[in-house]
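Student: Structure file my_file-v1.cif, mmCIF, C-alpha atoms, is pasted below:
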data_structure
loop_
_atom_site.label_atom_id
_atom_site.label_comp_id
_atom_site.auth_asym_id
_atom_site.auth_seq_id
_atom_site.Cartn_x
_atom_site.Cartn_y
_atom_site.Cartn_z
CA GLN D 8 48.71 7.34 -4.87
CA VAL D 9 49.94 8.16 -8.34
CA GLN D 10 53.19 6.80 -9.71
CA LEU D 11 54.93 8.87 -12.37
CA VAL D 12 57.78 7.59 -14.50
CA GLU D 13 59.66 9.88 -16.88
CA SER D 14 61.54 8.67 -19.93
CA GLY D 15 63.14 10.10 -23.05
CA GLY D 16 65.91 12.13 -21.51
CA GLY D 17 69.45 12.00 -22.78
CA SER D 18 71.99 14.07 -24.65
CA ALA D 19 71.45 16.35 -27.61
CA GLN D 20 73.35 18.95 -29.55
CA ALA D 21 72.28 22.56 -29.43
CA GLY D 22 69.49 23.04 -31.94
CA GLY D 23 68.40 19.43 -31.60
CA SER D 24 65.25 17.88 -30.22
CA LEU D 25 64.16 15.48 -27.52
CA ARG D 26 60.77 14.19 -26.48
CA LEU D 27 60.08 13.41 -22.85
CA SER D 28 57.28 11.12 -21.74
CA CYS D 29 55.74 10.71 -18.32
CA SER D 30 53.63 7.62 -17.72
CA ALA D 31 51.16 7.65 -14.84
CA SER D 32 49.57 4.82 -12.91
CA GLY D 33 47.54 4.33 -9.78
CA ARG D 34 44.70 6.82 -10.11
CA THR D 35 42.50 8.26 -12.85
CA PHE D 36 44.97 10.24 -14.92
CA SER D 37 42.36 12.67 -16.25
CA ASN D 38 41.68 13.88 -12.70
CA PHE D 39 45.09 15.55 -12.62
CA ALA D 40 46.55 18.61 -14.22
CA MET D 41 50.17 17.93 -15.14
CA GLY D 42 53.37 19.91 -15.15
CA TRP D 43 56.95 19.56 -16.30
CA PHE D 44 59.61 21.11 -14.09
CA ARG D 45 63.38 21.26 -14.39
CA GLN D 46 66.22 21.73 -11.98
CA ALA D 47 69.78 22.57 -12.94
CA PRO D 48 72.67 22.08 -10.48
CA GLY D 49 72.62 24.77 -7.80
CA LYS D 50 69.32 26.19 -8.99
CA GLU D 51 65.72 25.98 -7.91
CA ARG D 52 63.18 23.68 -9.49
CA ASP D 53 61.30 25.75 -12.08
CA LEU D 54 58.09 25.15 -13.95
CA VAL D 55 58.67 24.61 -17.67
CA ALA D 56 55.17 23.82 -18.89
CA ALA D 57 51.79 22.80 -17.54
CA ILE D 58 48.60 21.38 -18.98
CA SER D 59 45.05 21.16 -17.69
CA ARG D 60 43.15 17.95 -17.08
CA ASN D 61 41.64 17.68 -20.53
CA GLY D 62 44.49 19.45 -22.31
CA ASP D 63 42.60 22.57 -23.31
CA ILE D 64 44.81 24.95 -21.33
CA THR D 65 48.58 25.08 -21.43
CA TYR D 66 51.23 27.27 -19.87
CA TYR D 67 54.87 27.77 -20.85
CA ALA D 68 57.73 29.52 -19.14
CA ASP D 69 59.03 32.41 -21.21
CA SER D 70 62.37 30.67 -21.62
CA VAL D 71 60.82 27.78 -23.56
CA LYS D 72 57.88 29.45 -25.28
CA GLY D 73 57.90 28.67 -28.99
CA ARG D 74 60.40 25.82 -28.56
CA PHE D 75 58.71 23.35 -26.21
CA SER D 76 55.25 21.82 -26.45
CA ILE D 77 53.33 19.98 -23.74
CA SER D 78 50.57 17.52 -24.58
CA ARG D 79 48.76 14.63 -22.97
CA ASP D 80 46.96 11.45 -23.95
CA ASN D 81 44.45 10.58 -21.24
CA ALA D 82 43.66 7.24 -22.87
CA GLU D 83 47.35 6.32 -22.55
CA ASN D 84 47.86 7.97 -19.12
CA THR D 85 50.82 9.87 -20.51
CA VAL D 86 51.99 13.46 -20.70
CA TYR D 87 54.65 14.55 -23.16
CA LEU D 88 57.14 17.38 -23.48
CA GLU D 89 58.39 17.96 -27.00
CA MET D 90 61.61 20.00 -26.85
CA ASN D 91 62.94 21.62 -30.01
CA SER D 92 65.74 24.09 -30.73
CA LEU D 93 67.47 22.95 -27.58
CA ARG D 94 70.03 25.18 -25.93
CA PRO D 95 72.81 24.40 -23.45
CA GLU D 96 70.84 26.29 -20.80
CA ASP D 97 68.07 23.68 -21.12
CA THR D 98 70.41 21.21 -19.42
CA ALA D 99 68.72 20.01 -16.24
CA VAL D 100 66.92 17.15 -14.57
CA TYR D 101 63.34 17.22 -15.81
CA TYR D 102 60.48 16.14 -13.57
CA CYS D 103 56.84 15.57 -14.28
CA ALA D 104 54.29 16.26 -11.57
CA ALA D 105 50.57 15.72 -11.02
CA ASP D 106 48.18 18.20 -9.43
CA ARG D 107 44.77 17.06 -8.22
CA THR D 108 42.73 20.07 -9.21
CA TRP D 109 39.65 21.33 -10.96
CA VAL D 110 38.88 21.04 -14.64
CA GLY D 111 40.01 24.04 -16.65
CA ARG D 112 43.04 25.18 -14.76
CA VAL D 113 46.78 24.72 -14.60
CA GLU D 114 48.95 24.98 -11.51
CA LEU D 115 52.05 27.15 -11.58
CA LYS D 116 53.34 26.53 -8.06
CA ALA D 117 55.51 23.50 -7.38
CA ASP D 118 54.25 23.26 -3.79
CA GLU D 119 50.72 22.62 -5.03
CA TYR D 120 51.62 19.49 -6.98
CA ASN D 121 50.74 16.26 -5.22
CA TYR D 122 52.91 13.68 -6.94
CA TRP D 123 56.34 13.74 -8.59
CA GLY D 124 58.36 11.49 -10.82
CA GLN D 125 61.98 10.59 -10.19
CA GLY D 126 63.33 12.85 -12.94
CA THR D 127 65.21 12.34 -16.18
CA GLN D 128 68.46 14.03 -17.16
CA VAL D 129 68.61 16.23 -20.25
CA THR D 130 72.03 17.42 -21.36
CA VAL D 131 72.48 19.81 -24.27
CA SER D 132 75.95 20.46 -25.61
CA SER D 133 77.03 23.40 -27.70
#
Starting from the coordinates I provided, produce the structure as structure tokens.
Tutor:
Amino acid sequence: QVQLVESGGGSAQAGGSLRLSCSASGRTFSNFAMGWFRQAPGKERDLVAAISRNGDITYYADSVKGRFSISRDNAENTVYLEMNSLRPEDTAVYYCAADRTWVGRVELKADEYNYWGQGTQVTVSS
């Protein structure tokens, strides 16, 4: 089992920044690729960003490319999502997820992730 706990959500003005953290425990963190997803009311859960096990490969949804940055610290068992130039449409519950997979790949499909955090709310006002 892997336990994931997100933190860092909250409210921001459009154009502002927030940094989300996801702390993992229970298994060897570096054995998992990680992803950040978000879900707005009435919408599906979408992948925002993903990172490979050793951080050498990243993926970003087009909607956040150039504004968000995913990173990880395997020594601290933590994955981060730095969010800049926030927009009202970034408002959602943000979830981190862990995918037990091979070195050198990221997972784009939510169904393939093995473990999920409880989510943290991000609200961006105009």
Student: Show me, as a ChimeraX atom specification, the residues that have an atom within 12 Å of segment 89-96 of chain D when counting all atoms listed in the file, minus same-chain residues fewer than 3 positions from it.
Tutor: /D:15-29,43,45-48,50,55-56,67,70-79,86,99-101,129-133
Student: Do you know which residues are at most 9 Å from Asp80 of chain D counting all atoms listed in the file, after dropping those on the same chain fewer than 5 positions away, and could you put them as a PyMOL selection string?
Tutor: chain D and resi 61-62+85-87
Student: Just write the chosen residues, C-alpha atoms, as a PDB file, in the coordinates of the input.
Tutor:
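Writing the result to part_14.pdb gives the following:
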ATOM      1  CA  ASN D  61      41.640  17.680 -20.530  1.00  0.00           C
ATOM      2  CA  GLY D  62      44.490  19.450 -22.310  1.00  0.00           C
ATOM      3  CA  THR D  85      50.820   9.870 -20.510  1.00  0.00           C
ATOM      4  CA  VAL D  86      51.990  13.460 -20.700  1.00  0.00           C
ATOM      5  CA  TYR D  87      54.650  14.550 -23.160  1.00  0.00           C
TER       6      TYR D  87
END
Student: Check what the PyMOL selection byres ((chain D and resi 105) around 12) selects in the file above and give those residues as a JSON list (two decimals) with C-alpha atoms, in the coordinates of the input.
Tutor:
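Result went into result-v9.json, see below:
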[["chain", "number", "residue", "atom", "x", "y", "z"],
["D", 8, "GLN", "CA", 48.71, 7.34, -4.87],
["D", 9, "VAL", "CA", 49.94, 8.16, -8.34],
["D", 10, "GLN", "CA", 53.19, 6.80, -9.71],
["D", 11, "LEU", "CA", 54.93, 8.87, -12.37],
["D", 12, "VAL", "CA", 57.78, 7.59, -14.50],
["D", 29, "CYS", "CA", 55.74, 10.71, -18.32],
["D", 30, "SER", "CA", 53.63, 7.62, -17.72],
["D", 31, "ALA", "CA", 51.16, 7.65, -14.84],
["D", 32, "SER", "CA", 49.57, 4.82, -12.91],
["D", 33, "GLY", "CA", 47.54, 4.33, -9.78],
["D", 34, "ARG", "CA", 44.70, 6.82, -10.11],
["D", 35, "THR", "CA", 42.50, 8.26, -12.85],
["D", 36, "PHE", "CA", 44.97, 10.24, -14.92],
["D", 37, "SER", "CA", 42.36, 12.67, -16.25],
["D", 38, "ASN", "CA", 41.68, 13.88, -12.70],
["D", 39, "PHE", "CA", 45.09, 15.55, -12.62],
["D", 40, "ALA", "CA", 46.55, 18.61, -14.22],
["D", 41, "MET", "CA", 50.17, 17.93, -15.14],
["D", 42, "GLY", "CA", 53.37, 19.91, -15.15],
["D", 43, "TRP", "CA", 56.95, 19.56, -16.30],
["D", 44, "PHE", "CA", 59.61, 21.11, -14.09],
["D", 57, "ALA", "CA", 51.79, 22.80, -17.54],
["D", 58, "ILE", "CA", 48.60, 21.38, -18.98],
["D", 59, "SER", "CA", 45.05, 21.16, -17.69],
["D", 60, "ARG", "CA", 43.15, 17.95, -17.08],
["D", 84, "ASN", "CA", 47.86, 7.97, -19.12],
["D", 85, "THR", "CA", 50.82, 9.87, -20.51],
["D", 86, "VAL", "CA", 51.99, 13.46, -20.70],
["D", 102, "TYR", "CA", 60.48, 16.14, -13.57],
["D", 103, "CYS", "CA", 56.84, 15.57, -14.28],
["D", 104, "ALA", "CA", 54.29, 16.26, -11.57],
["D", 106, "ASP", "CA", 48.18, 18.20, -9.43],
["D", 107, "ARG", "CA", 44.77, 17.06, -8.22],
["D", 108, "THR", "CA", 42.73, 20.07, -9.21],
["D", 113, "VAL", "CA", 46.78, 24.72, -14.60],
["D", 114, "GLU", "CA", 48.95, 24.98, -11.51],
["D", 115, "LEU", "CA", 52.05, 27.15, -11.58],
["D", 116, "LYS", "CA", 53.34, 26.53, -8.06],
["D", 117, "ALA", "CA", 55.51, 23.50, -7.38],
["D", 118, "ASP", "CA", 54.25, 23.26, -3.79],
["D", 119, "GLU", "CA", 50.72, 22.62, -5.03],
["D", 120, "TYR", "CA", 51.62, 19.49, -6.98],
["D", 121, "ASN", "CA", 50.74, 16.26, -5.22],
["D", 122, "TYR", "CA", 52.91, 13.68, -6.94],
["D", 123, "TRP", "CA", 56.34, 13.74, -8.59],
["D", 124, "GLY", "CA", 58.36, 11.49, -10.82]]
Student: Would you work out the distance separating atom CA of Gly111 of chain D from atom CA of Asp97 of chain D, expressed in Å to one decimal?
Tutor: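 Straight-line distance from atom CA of Gly111 of chain D to atom CA of Asp97 of chain D works out to 28.4 Å.
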Student: Just to confirm, what's the straight-line distance from atom CA of Asp63 of chain D to atom CA of Gln125 of chain D in Å (one decimal)?
Tutor: 26.3 Å
Student: State, in Å with one decimal place, the distance from atom CA of Ser14 of chain D to atom CA of Asn81 of chain D.
Tutor: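 The value is 17.2 Å.
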